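Q: As input, take work.json (JSON, C-alpha atoms and all ligand atoms):
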[["chain", "number", "residue", "atom", "x", "y", "z"],
["G", 1, "MET", "CA", 89.83, 6.68, -52.18],
["G", 2, "SER", "CA", 88.35, 6.23, -55.63],
["G", 3, "SER", "CA", 89.17, 2.95, -57.30],
["G", 4, "ASN", "CA", 89.70, 4.56, -60.70],
["G", 5, "CYS", "CA", 92.98, 6.11, -59.55],
["G", 6, "LYS", "CA", 95.86, 4.62, -61.47],
["G", 7, "HIS", "CA", 98.32, 5.80, -58.86],
["G", 8, "GLN", "CA", 97.82, 7.07, -55.37],
["G", 9, "HIS", "CA", 100.20, 9.34, -53.55],
["G", 10, "THR", "CA", 100.22, 10.75, -50.04],
["G", 11, "LEU", "CA", 101.47, 14.22, -49.19],
["G", 12, "HIS", "CA", 102.04, 14.83, -45.49],
["G", 13, "ALA", "CA", 101.53, 18.17, -43.80],
["G", 14, "VAL", "CA", 105.26, 18.60, -43.31],
["G", 15, "HIS", "CA", 105.06, 19.74, -46.94],
["G", 16, "SER", "CA", 103.12, 22.90, -46.16],
["G", 17, "HIS", "CA", 103.74, 26.53, -46.96],
["G", 18, "CYS", "CA", 102.16, 29.88, -46.09],
["G", 19, "GLY", "CA", 101.33, 32.16, -49.01],
["G", 20, "TRP", "CA", 101.75, 31.53, -52.76],
["G", 21, "ASP", "CA", 105.10, 31.65, -54.52],
["G", 22, "ASN", "CA", 105.87, 30.14, -57.92],
["G", 23, "SER", "CA", 109.53, 29.64, -56.96],
["G", 24, "LEU", "CA", 108.67, 26.98, -54.35],
["G", 25, "ALA", "CA", 110.06, 23.57, -55.23],
["G", 26, "PRO", "CA", 107.37, 20.94, -55.85],
["G", 27, "ALA", "CA", 106.91, 18.42, -53.05],
["G", 28, "LEU", "CA", 105.56, 15.86, -55.51],
["G", 29, "SER", "CA", 105.04, 15.39, -59.26],
["G", 30, "VAL", "CA", 101.98, 13.64, -60.65],
["G", 31, "ALA", "CA", 100.68, 12.76, -64.10],
["G", 32, "PRO", "CA", 97.15, 13.65, -65.20],
["G", 33, "GLY", "CA", 94.70, 11.04, -63.88],
["G", 34, "GLU", "CA", 96.64, 10.45, -60.69],
["G", 35, "CYS", "CA", 95.30, 10.94, -57.15],
["G", 36, "VAL", "CA", 96.84, 12.40, -54.05],
["G", 37, "GLU", "CA", 95.75, 12.24, -50.45],
["G", 38, "PHE", "CA", 96.73, 15.47, -48.68],
["G", 39, "GLU", "CA", 97.18, 15.83, -44.95],
["G", 40, "ILE", "CA", 95.92, 19.29, -43.99],
["G", 41, "ILE", "CA", 96.63, 21.42, -40.94],
["G", 42, "ASP", "CA", 93.82, 23.67, -39.64],
["G", 43, "ALA", "CA", 93.74, 27.36, -40.59],
["G", 44, "SER", "CA", 95.43, 28.42, -37.34],
["G", 45, "GLY", "CA", 98.51, 26.55, -38.54],
["G", 46, "GLY", "CA", 98.37, 24.45, -35.37],
["G", 47, "GLN", "CA", 98.31, 27.54, -33.14],
["G", 48, "LEU", "CA", 94.97, 26.44, -31.65],
["G", 49, "SER", "CA", 94.23, 23.14, -29.95],
["G", 50, "ALA", "CA", 91.31, 21.64, -28.05],
["G", 51, "GLU", "CA", 92.64, 23.42, -24.92],
["G", 52, "SER", "CA", 92.79, 26.90, -26.44],
["G", 53, "VAL", "CA", 90.75, 29.79, -25.05],
["G", 54, "ALA", "CA", 89.35, 32.94, -26.68],
["G", 55, "GLU", "CA", 92.40, 35.03, -25.72],
["G", 56, "ASP", "CA", 94.58, 32.76, -27.84],
["G", 57, "VAL", "CA", 93.02, 34.04, -31.08],
["G", 58, "THR", "CA", 94.42, 37.50, -30.26],
["G", 59, "LYS", "CA", 97.95, 36.04, -30.11],
["G", 60, "PHE", "CA", 98.12, 34.56, -33.61],
["G", 61, "ASP", "CA", 101.36, 34.77, -35.51],
["G", 62, "PHE", "CA", 99.75, 35.86, -38.79],
["G", 63, "ALA", "CA", 102.69, 34.55, -40.83],
["G", 64, "LYS", "CA", 101.71, 31.00, -39.79],
["G", 65, "LEU", "CA", 97.99, 31.26, -40.57],
["G", 66, "ASN", "CA", 96.26, 29.26, -43.28],
["G", 67, "PRO", "CA", 99.06, 26.91, -44.36],
["G", 68, "VAL", "CA", 98.50, 24.89, -47.54],
["G", 69, "THR", "CA", 99.90, 21.46, -48.33],
["G", 70, "GLY", "CA", 101.90, 21.27, -51.55],
["G", 71, "PRO", "CA", 102.91, 22.35, -54.04],
["G", 72, "ILE", "CA", 102.36, 19.58, -56.55],
["G", 73, "HIS", "CA", 103.75, 19.67, -60.05],
["G", 74, "VAL", "CA", 101.31, 18.30, -62.65],
["G", 75, "ASP", "CA", 103.16, 16.87, -65.64],
["G", 76, "GLY", "CA", 102.43, 18.71, -68.86],
["G", 77, "ALA", "CA", 100.51, 21.61, -67.30],
["G", 78, "GLU", "CA", 101.21, 24.91, -69.06],
["G", 79, "PRO", "CA", 99.85, 28.44, -68.76],
["G", 80, "GLY", "CA", 96.47, 28.62, -70.47],
["G", 81, "ASP", "CA", 95.49, 25.08, -69.46],
["G", 82, "ALA", "CA", 92.87, 24.33, -66.81],
["G", 83, "LEU", "CA", 93.68, 22.02, -63.95],
["G", 84, "ALA", "CA", 90.56, 19.98, -63.16],
["G", 85, "VAL", "CA", 90.57, 18.94, -59.51],
["G", 86, "LYS", "CA", 88.00, 16.35, -58.47],
["G", 87, "LEU", "CA", 87.16, 16.13, -54.78],
["G", 88, "LEU", "CA", 87.11, 12.41, -54.05],
["G", 89, "HIS", "CA", 87.06, 11.90, -50.31],
["G", 90, "PHE", "CA", 87.46, 13.62, -46.95],
["G", 91, "GLN", "CA", 88.71, 12.07, -43.73],
["G", 92, "PRO", "CA", 87.77, 14.63, -41.05],
["G", 93, "SER", "CA", 89.50, 14.71, -37.67],
["G", 94, "GLY", "CA", 86.41, 15.23, -35.48],
["G", 95, "TRP", "CA", 87.78, 18.40, -33.82],
["G", 96, "GLY", "CA", 87.34, 21.93, -35.05],
["G", 97, "TRP", "CA", 87.00, 25.54, -33.98],
["G", 98, "THR", "CA", 85.14, 28.69, -34.91],
["G", 99, "ALA", "CA", 86.35, 32.08, -33.75],
["G", 100, "ILE", "CA", 85.58, 35.74, -33.80],
["G", 101, "ILE", "CA", 88.97, 37.29, -34.49],
["G", 102, "PRO", "CA", 89.16, 41.03, -33.66],
["G", 103, "GLY", "CA", 89.46, 43.12, -36.83],
["G", 104, "PHE", "CA", 88.27, 40.28, -39.09],
["G", 105, "GLY", "CA", 84.82, 39.34, -40.41],
["G", 106, "LEU", "CA", 81.80, 41.06, -41.99],
["G", 107, "LEU", "CA", 80.76, 42.79, -38.73],
["G", 108, "ALA", "CA", 84.25, 43.38, -37.30],
["G", 109, "ASP", "CA", 83.25, 46.85, -36.08],
["G", 110, "GLN", "CA", 80.38, 45.40, -34.03],
["G", 111, "PHE", "CA", 82.34, 42.44, -32.55],
["G", 112, "PRO", "CA", 85.61, 43.83, -31.17],
["G", 113, "GLU", "CA", 86.14, 41.05, -28.58],
["G", 114, "PRO", "CA", 87.58, 37.60, -29.34],
["G", 115, "SER", "CA", 85.42, 34.51, -29.04],
["G", 116, "LEU", "CA", 86.22, 30.83, -29.58],
["G", 117, "HIS", "CA", 84.01, 27.79, -29.91],
["G", 118, "HIS", "CA", 85.33, 24.21, -29.99],
["G", 119, "TRP", "CA", 83.51, 21.55, -31.94],
["G", 120, "LYS", "CA", 83.62, 17.81, -31.45],
["G", 121, "TYR", "CA", 81.87, 16.22, -34.38],
["G", 122, "ASP", "CA", 81.09, 12.91, -36.03],
["G", 123, "THR", "CA", 84.07, 12.06, -38.26],
["G", 124, "GLY", "CA", 81.65, 10.46, -40.72],
["G", 125, "CYS", "CA", 79.79, 13.81, -40.85],
["G", 126, "ALA", "CA", 76.47, 11.92, -40.81],
["G", 127, "GLU", "CA", 75.34, 13.48, -37.51],
["G", 128, "PRO", "CA", 75.02, 17.25, -37.04],
["G", 129, "ALA", "CA", 77.51, 18.96, -34.72],
["G", 130, "LEU", "CA", 76.10, 20.31, -31.46],
["G", 131, "PHE", "CA", 76.42, 24.00, -30.63],
["G", 132, "GLY", "CA", 75.42, 25.92, -27.50],
["G", 133, "ASN", "CA", 72.00, 25.26, -26.08],
["G", 134, "GLY", "CA", 70.61, 22.71, -28.53],
["G", 135, "ALA", "CA", 71.61, 23.94, -32.00],
["G", 136, "LYS", "CA", 72.55, 21.18, -34.46],
["G", 137, "VAL", "CA", 74.68, 22.09, -37.45],
["G", 138, "PRO", "CA", 74.66, 19.76, -40.47],
["G", 139, "LEU", "CA", 78.15, 19.02, -41.78],
["G", 140, "LYS", "CA", 79.56, 19.15, -45.29],
["G", 141, "PRO", "CA", 83.36, 19.14, -45.42],
["G", 142, "PHE", "CA", 85.16, 21.13, -48.09],
["G", 143, "THR", "CA", 88.50, 22.74, -48.87],
["G", 144, "GLY", "CA", 88.54, 26.49, -48.11],
["G", 145, "THR", "CA", 91.88, 27.21, -49.76],
["G", 146, "ILE", "CA", 92.67, 25.51, -53.04],
["G", 147, "GLY", "CA", 94.65, 26.89, -55.94],
["G", 148, "VAL", "CA", 97.69, 27.04, -58.16],
["G", 149, "ALA", "CA", 100.72, 29.34, -58.11],
["G", 150, "PRO", "CA", 100.24, 32.82, -59.61],
["G", 151, "ALA", "CA", 102.32, 33.97, -62.59],
["G", 152, "GLU", "CA", 103.65, 37.02, -60.74],
["G", 153, "PRO", "CA", 106.96, 36.32, -58.94],
["G", 154, "GLY", "CA", 107.41, 36.66, -55.20],
["G", 155, "LEU", "CA", 105.46, 35.66, -52.10],
["G", 156, "HIS", "CA", 101.75, 36.53, -52.19],
["G", 157, "SER", "CA", 99.54, 36.60, -49.10],
["G", 158, "VAL", "CA", 97.28, 33.60, -48.62],
["G", 159, "VAL", "CA", 94.38, 35.78, -47.44],
["G", 160, "PRO", "CA", 92.78, 37.09, -50.64],
["G", 161, "PRO", "CA", 91.60, 34.64, -53.31],
["G", 162, "ARG", "CA", 92.94, 35.28, -56.82],
["G", 163, "THR", "CA", 91.98, 34.30, -60.35],
["G", 164, "VAL", "CA", 94.20, 31.23, -59.84],
["G", 165, "GLY", "CA", 92.13, 30.25, -56.76],
["G", 166, "GLY", "CA", 93.48, 30.32, -53.23],
["G", 167, "ASN", "CA", 91.40, 31.22, -50.17],
["G", 168, "MET", "CA", 88.11, 30.83, -52.03],
["G", 169, "ASP", "CA", 85.93, 29.57, -49.17],
["G", 170, "VAL", "CA", 83.34, 28.34, -51.67],
["G", 171, "ARG", "CA", 81.26, 25.92, -49.61],
["G", 172, "ASP", "CA", 80.49, 23.65, -52.57],
["G", 173, "VAL", "CA", 84.10, 22.62, -53.27],
["G", 174, "ALA", "CA", 83.01, 19.39, -51.59],
["G", 175, "VAL", "CA", 82.88, 15.66, -52.36],
["G", 176, "GLY", "CA", 81.88, 14.97, -55.95],
["G", 177, "SER", "CA", 82.59, 18.50, -57.19],
["G", 178, "THR", "CA", 85.21, 19.30, -59.80],
["G", 179, "LEU", "CA", 87.05, 22.61, -59.57],
["G", 180, "TYR", "CA", 88.69, 24.01, -62.70],
["G", 181, "LEU", "CA", 91.66, 26.29, -62.03],
["G", 182, "PRO", "CA", 93.49, 28.44, -64.62],
["G", 183, "VAL", "CA", 97.10, 27.27, -64.81],
["G", 184, "ALA", "CA", 99.49, 30.23, -64.69],
["G", 185, "VAL", "CA", 102.93, 28.58, -64.48],
["G", 186, "PRO", "CA", 104.46, 25.39, -65.93],
["G", 187, "GLY", "CA", 103.49, 22.39, -63.77],
["G", 188, "ALA", "CA", 100.58, 24.37, -62.21],
["G", 189, "LEU", "CA", 102.07, 24.06, -58.67],
["G", 190, "PHE", "CA", 98.87, 23.14, -56.87],
["G", 191, "SER", "CA", 98.33, 23.38, -53.11],
["G", 192, "VAL", "CA", 95.35, 22.90, -50.80],
["G", 193, "GLY", "CA", 94.47, 23.69, -47.16],
["G", 194, "ASP", "CA", 91.98, 25.35, -44.81],
["G", 195, "THR", "CA", 89.60, 22.40, -44.58],
["G", 196, "HIS", "CA", 86.18, 23.23, -43.14],
["G", 197, "ALA", "CA", 83.63, 20.79, -41.68],
["G", 198, "ALA", "CA", 80.80, 23.25, -42.44],
["G", 199, "GLN", "CA", 80.31, 26.84, -43.60],
["G", 200, "GLY", "CA", 77.51, 28.98, -44.93],
["G", 201, "ASP", "CA", 77.81, 31.09, -48.07],
["G", 202, "GLY", "CA", 79.64, 34.22, -46.94],
["G", 203, "GLU", "CA", 81.60, 32.78, -43.98],
["G", 204, "VAL", "CA", 80.31, 35.89, -42.30],
["G", 205, "CYS", "CA", 82.16, 35.88, -38.96],
["G", 206, "GLY", "CA", 85.44, 35.20, -40.77],
["G", 207, "THR", "CA", 85.80, 31.55, -39.78],
["G", 208, "ALA", "CA", 83.98, 28.29, -40.51],
["G", 209, "ILE", "CA", 84.23, 25.00, -38.60],
["G", 210, "GLU", "CA", 88.01, 25.08, -39.04],
["G", 211, "SER", "CA", 89.28, 21.55, -38.83],
["G", 212, "PRO", "CA", 92.31, 19.46, -39.77],
["G", 213, "MET", "CA", 91.47, 16.68, -42.23],
["G", 214, "LYS", "CA", 92.81, 14.49, -44.97],
["G", 215, "VAL", "CA", 91.44, 15.05, -48.45],
["G", 216, "ALA", "CA", 91.89, 12.94, -51.58],
["G", 217, "LEU", "CA", 91.92, 14.68, -54.96],
["G", 218, "GLN", "CA", 92.28, 13.57, -58.56],
["G", 219, "PHE", "CA", 93.93, 15.74, -61.20],
["G", 220, "GLU", "CA", 93.21, 16.08, -64.91],
["G", 221, "LEU", "CA", 94.38, 18.63, -67.45],
["G", 222, "ILE", "CA", 92.27, 20.46, -70.02],
["G", 223, "LYS", "CA", 94.67, 21.86, -72.60],
["G", 224, "GLY", "CA", 94.13, 25.43, -73.76],
["G", 225, "ALA", "CA", 90.97, 26.00, -71.71],
["G", 226, "ASP", "CA", 91.94, 29.65, -71.18],
["G", 227, "LEU", "CA", 89.76, 30.13, -68.08],
["G", 228, "PRO", "CA", 89.51, 33.70, -66.74],
["G", 229, "SER", "CA", 88.94, 32.50, -63.15],
["G", 230, "PRO", "CA", 88.02, 29.32, -61.23],
["G", 231, "ARG", "CA", 84.94, 27.42, -62.35],
["G", 232, "LEU", "CA", 83.11, 24.73, -60.39],
["G", 233, "MET", "CA", 80.87, 21.81, -61.28],
["G", 234, "THR", "CA", 78.91, 20.08, -58.52],
["G", 235, "GLU", "CA", 77.67, 16.52, -58.60],
["G", 236, "GLY", "CA", 74.14, 17.27, -57.39],
["G", 237, "PRO", "CA", 72.10, 19.49, -55.04],
["G", 238, "VAL", "CA", 74.26, 21.70, -52.84],
["G", 239, "THR", "CA", 72.03, 22.50, -49.84],
["G", 240, "ARG", "CA", 70.36, 19.15, -49.27],
["G", 241, "HIS", "CA", 71.98, 18.96, -45.83],
["G", 242, "LEU", "CA", 70.27, 22.24, -44.83],
["G", 243, "ASP", "CA", 66.93, 22.33, -46.65],
["G", 244, "ALA", "CA", 64.71, 19.86, -44.79],
["G", 245, "ALA", "CA", 62.87, 22.29, -42.47],
["G", 246, "GLY", "CA", 62.98, 25.48, -44.51],
["G", 247, "TYR", "CA", 64.62, 28.78, -43.64],
["G", 248, "GLN", "CA", 64.27, 31.98, -41.67],
["G", 249, "VAL", "CA", 65.23, 34.87, -43.96],
["G", 250, "THR", "CA", 66.27, 38.44, -43.19],
["G", 251, "THR", "CA", 66.99, 41.15, -45.76],
["G", 252, "GLY", "CA", 69.27, 44.13, -46.22],
["G", 253, "VAL", "CA", 67.79, 46.77, -48.54],
["G", 254, "GLY", "CA", 69.76, 49.60, -50.13],
["G", 255, "PRO", "CA", 72.12, 50.74, -52.90],
["G", 256, "ASP", "CA", 75.29, 49.12, -51.46],
["G", 257, "LEU", "CA", 75.65, 45.32, -51.58],
["G", 258, "TRP", "CA", 78.27, 45.30, -48.84],
["G", 259, "GLU", "CA", 76.05, 47.26, -46.46],
["G", 260, "GLY", "CA", 73.07, 45.15, -47.50],
["G", 261, "ALA", "CA", 74.98, 42.00, -46.55],
["G", 262, "ARG", "CA", 75.94, 43.51, -43.20],
["G", 263, "ASP", "CA", 72.35, 44.50, -42.47],
["G", 264, "ALA", "CA", 70.90, 41.11, -43.43],
["G", 265, "VAL", "CA", 73.33, 39.30, -41.11],
["G", 266, "ARG", "CA", 72.92, 41.80, -38.29],
["G", 267, "TYR", "CA", 69.13, 41.44, -38.39],
["G", 268, "MET", "CA", 69.44, 37.64, -38.28],
["G", 269, "ILE", "CA", 71.75, 37.86, -35.26],
["G", 270, "ASP", "CA", 69.23, 40.16, -33.55],
["G", 271, "TRP", "CA", 66.42, 37.72, -34.34],
["G", 272, "LEU", "CA", 68.36, 34.68, -33.09],
["G", 273, "CYS", "CA", 69.27, 36.44, -29.85],
["G", 274, "ALA", "CA", 65.67, 37.56, -29.22],
["G", 275, "SER", "CA", 64.08, 34.25, -30.22],
["G", 276, "TYR", "CA", 66.52, 31.71, -28.77],
["G", 277, "GLY", "CA", 68.26, 33.58, -25.97],
["G", 278, "MET", "CA", 71.71, 33.07, -27.40],
["G", 279, "SER", "CA", 74.49, 35.62, -27.07],
["G", 280, "ALA", "CA", 75.37, 37.83, -30.04],
["G", 281, "ASP", "CA", 78.75, 36.07, -30.31],
["G", 282, "GLU", "CA", 77.07, 32.68, -30.48],
["G", 283, "ALA", "CA", 74.54, 33.85, -33.06],
["G", 284, "TYR", "CA", 77.26, 35.41, -35.26],
["G", 285, "MET", "CA", 79.38, 32.23, -35.22],
["G", 286, "LEU", "CA", 76.32, 30.06, -35.86],
["G", 287, "CYS", "CA", 75.37, 32.23, -38.85],
["G", 288, "SER", "CA", 78.90, 31.81, -40.21],
["G", 289, "VAL", "CA", 78.85, 28.01, -40.12],
["G", 290, "CYS", "CA", 75.36, 27.36, -41.52],
["G", 291, "GLY", "CA", 73.62, 30.50, -42.89],
["G", 292, "ASP", "CA", 73.77, 31.62, -46.52],
["G", 293, "LEU", "CA", 74.03, 35.13, -47.92],
["G", 294, "ARG", "CA", 72.20, 35.50, -51.22],
["G", 295, "LEU", "CA", 71.85, 38.26, -53.78],
["G", 296, "SER", "CA", 68.08, 38.28, -54.14],
["G", 297, "GLU", "CA", 67.95, 41.09, -56.68],
["G", 298, "VAL", "CA", 70.39, 43.56, -58.25],
["G", 299, "VAL", "CA", 68.11, 45.20, -60.82],
["G", 300, "ASP", "CA", 65.42, 47.22, -59.08],
["G", 301, "GLN", "CA", 67.49, 50.37, -58.87],
["G", 302, "PRO", "CA", 68.56, 52.08, -56.81],
["G", 303, "ASN", "CA", 67.97, 49.48, -54.08],
["G", 304, "TRP", "CA", 69.36, 45.95, -54.11],
["G", 305, "ILE", "CA", 68.32, 43.17, -51.76],
["G", 306, "VAL", "CA", 70.78, 40.92, -49.98],
["G", 307, "SER", "CA", 69.12, 38.11, -48.04],
["G", 308, "PHE", "CA", 70.41, 35.92, -45.27],
["G", 309, "TYR", "CA", 69.02, 32.39, -45.13],
["G", 310, "PHE", "CA", 69.22, 30.61, -41.79],
["G", 311, "PRO", "CA", 68.26, 26.91, -41.95],
["G", 312, "ARG", "CA", 65.48, 26.13, -39.47],
["G", 313, "VAL", "CA", 66.68, 22.54, -39.12],
["G", 314, "VAL", "CA", 69.56, 23.85, -37.00],
["G", 315, "LEU", "CA", 67.21, 25.03, -34.24],
["G", 316, "GLU", "CA", 64.06, 23.02, -34.84],
["G", 317, "GLY", "CA", 65.41, 19.74, -36.19],
["G", 401, "ZN", "ZN", 89.18, 28.35, -42.87]]
Could you show the structure in this file as structure tokens?

A:
Amino acid sequence: MSSNCKHQHTLHAVHSHCGWDNSLAPALSVAPGECVEFEIIDASGGQLSAESVAEDVTKFDFAKLNPVTGPIHVDGAEPGDALAVKLLHFQPSGWGWTAIIPGFGLLADQFPEPSLHHWKYDTGCAEPALFGNGAKVPLKPFTGTIGVAPAEPGLHSVVPPRTVGGNMDVRDVAVGSTLYLPVAVPGALFSVGDTHAAQGDGEVCGTAIESPMKVALQFELIKGADLPSPRLMTEGPVTRHLDAAGYQVTTGVGPDLWEGARDAVRYMIDWLCASYGMSADEAYMLCSVCGDLRLSEVVDQPNWIVSFYFPRVVLEG
């Protein structure tokens, strides 16, 4: 943990909740400048373990999915302020999973059957994680779900992200980054969960390397920032772990960005299957944990181009 923390707190995973609700009592109060180490349960809410099989992802109790640890009350936070959350440190568990969950994911219509892959990875995240027949996935832990309580009363599903954050799945909310969240209620009521050991931009199959971890965060307040939605500042390059050997790139071309994204990913899956002999399920999950969707152009009407970047280091490194 960073040495510039005046006070350090620990919040255990027993203080977790599913969904967002501004009536939840804070598990902890902190002052601006203070740091908290959060213990985080994986996105299955503990419903999967190293012994689980593909069938188990069809038996999820959806009410228990994607728990977040919190909430934390930040002294002095008021609606209109921004809560600045600096990502200080991750302590990954070394076990994770990636699944194709029927009905979920960018190509849900083309992948109706469940699939589950278990990962055992280097807890220091210095070595890539092995997948299938020789693929090596570089790791970069981050928090998938991170946010503050919404202003609207009642319990809100954890699935969609909101302007107060939540299930953002932005890969670059990683060590060294600072995330700025619009505070909507007094005390902010911050929670965090859904830690991922790696994910590409898009999280296309619906899951990343889902993995329990500890994460240390530092909180600051920016009074009256009046942010419309979350904003992020990174410490440096964001794809250094993927860039070394270049990319294979497929494209989706047409007037609909959603369909363009689906086409770009589908064509990469086809290419991976034909070139490396992997199954479509394997290729889809691999794309989800390391490949990046990009908007290459949105101006040459009526056709936009969505690209899918697959890092060659994964298969050739
Ligand atoms: Zn997740």

Q: Go through G:Leu189, G:Ala197, G:Ala264, G:Val249 and flag the residue nearest Ala151 (chain G), using all atoms listed in the file for the distances.

A: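 Checking each of G:Leu189, G:Ala197, G:Ala264, G:Val249 against Ala151 (chain G), counting all atoms listed in the file, the winner is G:Leu189.
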
Q: Check which residues of chain G sit at most 10 Å from ligand ZN 401 (chain G) using only C-alpha atoms and all ligand atoms, and return one row each with the closest pair of atoms and their distance in Å to one decimal, ordered by chain and rising number, as CSV.

A:
residue,atom,partner,partner_atom,distance
G:Asp42,CA,G:ZN401,ZN,7.3
G:Ala43,CA,G:ZN401,ZN,5.2
G:Ser44,CA,G:ZN401,ZN,8.3
G:Leu65,CA,G:ZN401,ZN,9.6
G:Asn66,CA,G:ZN401,ZN,7.2
G:Trp97,CA,G:ZN401,ZN,9.6
G:Thr98,CA,G:ZN401,ZN,8.9
G:Phe142,CA,G:ZN401,ZN,9.8
G:Thr143,CA,G:ZN401,ZN,8.2
G:Gly144,CA,G:ZN401,ZN,5.6
G:Thr145,CA,G:ZN401,ZN,7.5
G:Asn167,CA,G:ZN401,ZN,8.2
G:Met168,CA,G:ZN401,ZN,9.5
G:Asp169,CA,G:ZN401,ZN,7.2
G:Gly193,CA,G:ZN401,ZN,8.3
G:Asp194,CA,G:ZN401,ZN,4.5
G:Thr195,CA,G:ZN401,ZN,6.2
G:His196,CA,G:ZN401,ZN,5.9
G:Ala197,CA,G:ZN401,ZN,9.5
G:Ala198,CA,G:ZN401,ZN,9.8
G:Gln199,CA,G:ZN401,ZN,9.0
G:Glu203,CA,G:ZN401,ZN,8.8
G:Gly206,CA,G:ZN401,ZN,8.1
G:Thr207,CA,G:ZN401,ZN,5.6
G:Ala208,CA,G:ZN401,ZN,5.7
G:Ile209,CA,G:ZN401,ZN,7.3
G:Glu210,CA,G:ZN401,ZN,5.2
G:Ser211,CA,G:ZN401,ZN,7.9
G:Pro212,CA,G:ZN401,ZN,9.9

Q: Pick from G:Asp281, G:Pro114, G:Ala245, G:Pro92: nearest to Val53 (chain G), with all atoms listed in the file counted?

A: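 The answer is G:Pro114, which sits nearest to Val53 (chain G).
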
Q: Dig up all the protein and nucleic acid residues within 12 Å of (69.7, 44.3, -42.7) in the file frame, using all atoms listed in the file, and format them as a compact mmCIF listing (two decimals) with C-alpha atoms, keeping the file's coordinate frame.

A:
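Resulting contents of selection36.txt:
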# COMPACT_ATOMS: atom_id res chain seq x y z
CA LEU G 107 80.76 42.79 -38.73
CA VAL G 249 65.23 34.87 -43.96
CA THR G 250 66.27 38.44 -43.19
CA THR G 251 66.99 41.15 -45.76
CA GLY G 252 69.27 44.13 -46.22
CA VAL G 253 67.79 46.77 -48.54
CA GLY G 254 69.76 49.60 -50.13
CA ASP G 256 75.29 49.12 -51.46
CA LEU G 257 75.65 45.32 -51.58
CA TRP G 258 78.27 45.30 -48.84
CA GLU G 259 76.05 47.26 -46.46
CA GLY G 260 73.07 45.15 -47.50
CA ALA G 261 74.98 42.00 -46.55
CA ARG G 262 75.94 43.51 -43.20
CA ASP G 263 72.35 44.50 -42.47
CA ALA G 264 70.90 41.11 -43.43
CA VAL G 265 73.33 39.30 -41.11
CA ARG G 266 72.92 41.80 -38.29
CA TYR G 267 69.13 41.44 -38.39
CA MET G 268 69.44 37.64 -38.28
CA ILE G 269 71.75 37.86 -35.26
CA ASP G 270 69.23 40.16 -33.55
CA TRP G 271 66.42 37.72 -34.34
CA LEU G 293 74.03 35.13 -47.92
CA TRP G 304 69.36 45.95 -54.11
CA ILE G 305 68.32 43.17 -51.76
CA VAL G 306 70.78 40.92 -49.98
CA SER G 307 69.12 38.11 -48.04
CA PHE G 308 70.41 35.92 -45.27

Q: May I have the residues within 6 Å of Tyr309 (chain G) as a list in words, using all atoms listed in the file and disregarding those fewer than 5 positions away in the same chain?

A: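 Residues near the query, excluding close chain neighbours: Tyr247, Gln248, Val249, Gly291 and Asp292 of chain G.
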
Q: Tell me which protein, DNA and RNA residues are within 9 Å of Ser23 (chain G), counting only C-alpha atoms, leaving out same-chain ones fewer than 4 positions away, and put them as a list of chain:residue names.

A: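 Skipping anything fewer than 4 positions along the chain leaves G:Ala149, G:Pro153, G:Gly154, G:Leu155.
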
Q: Which of these, G:Gly202, G:Gly105, G:Pro67, G:Pro150, has the shortest distance to Gln47 (chain G) once you count all atoms listed in the file?

A: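 Looking at the shortest contact to Gln47 (chain G), the residue is G:Pro67.
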
Q: Using only C-alpha atoms, which of G:Gln301, G:Gly19, G:Val215, G:Ala25 sits nearest Pro161 (chain G)?

A: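 Closest to Pro161 (chain G), using only C-alpha atoms: G:Gly19.
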
Q: List the neighbours of Lys120 (chain G) out to 8 Å using all atoms listed in the file; skip same-chain residues closer than 6 positions along the sequence, and give me the result as a PyMOL selection string.

A: chain G and resi 94-96+129-130

Q: Generate the output file for the selected residues, C-alpha atoms, as a CSV table (one decimal), in the frame of the given file.

A:
chain,number,residue,atom,x,y,z
G,94,GLY,CA,86.4,15.2,-35.5
G,95,TRP,CA,87.8,18.4,-33.8
G,96,GLY,CA,87.3,21.9,-35.0
G,129,ALA,CA,77.5,19.0,-34.7
G,130,LEU,CA,76.1,20.3,-31.5

Q: Need to verify the contact set: Lys64 (chain G), 7 Å, only C-alpha atoms, exclusion of same-chain residues closer than 3 positions in sequence. Can you return it as a PyMOL selection string?

A: chain G and resi 18+45+61+67

Q: Just to confirm, what's the straight-line distance from CA of Cys273 (chain G) to CA of Arg240 (chain G) in Å (one decimal)?

A: 26.0 Å

Q: Which residue is closest to Gly80 (chain G)? Choose from G:His17, G:Lys140, G:Lys223, G:Arg294 and count all atoms listed in the file.

A: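 Closest to Gly80 (chain G) of all the choices is G:Lys223.
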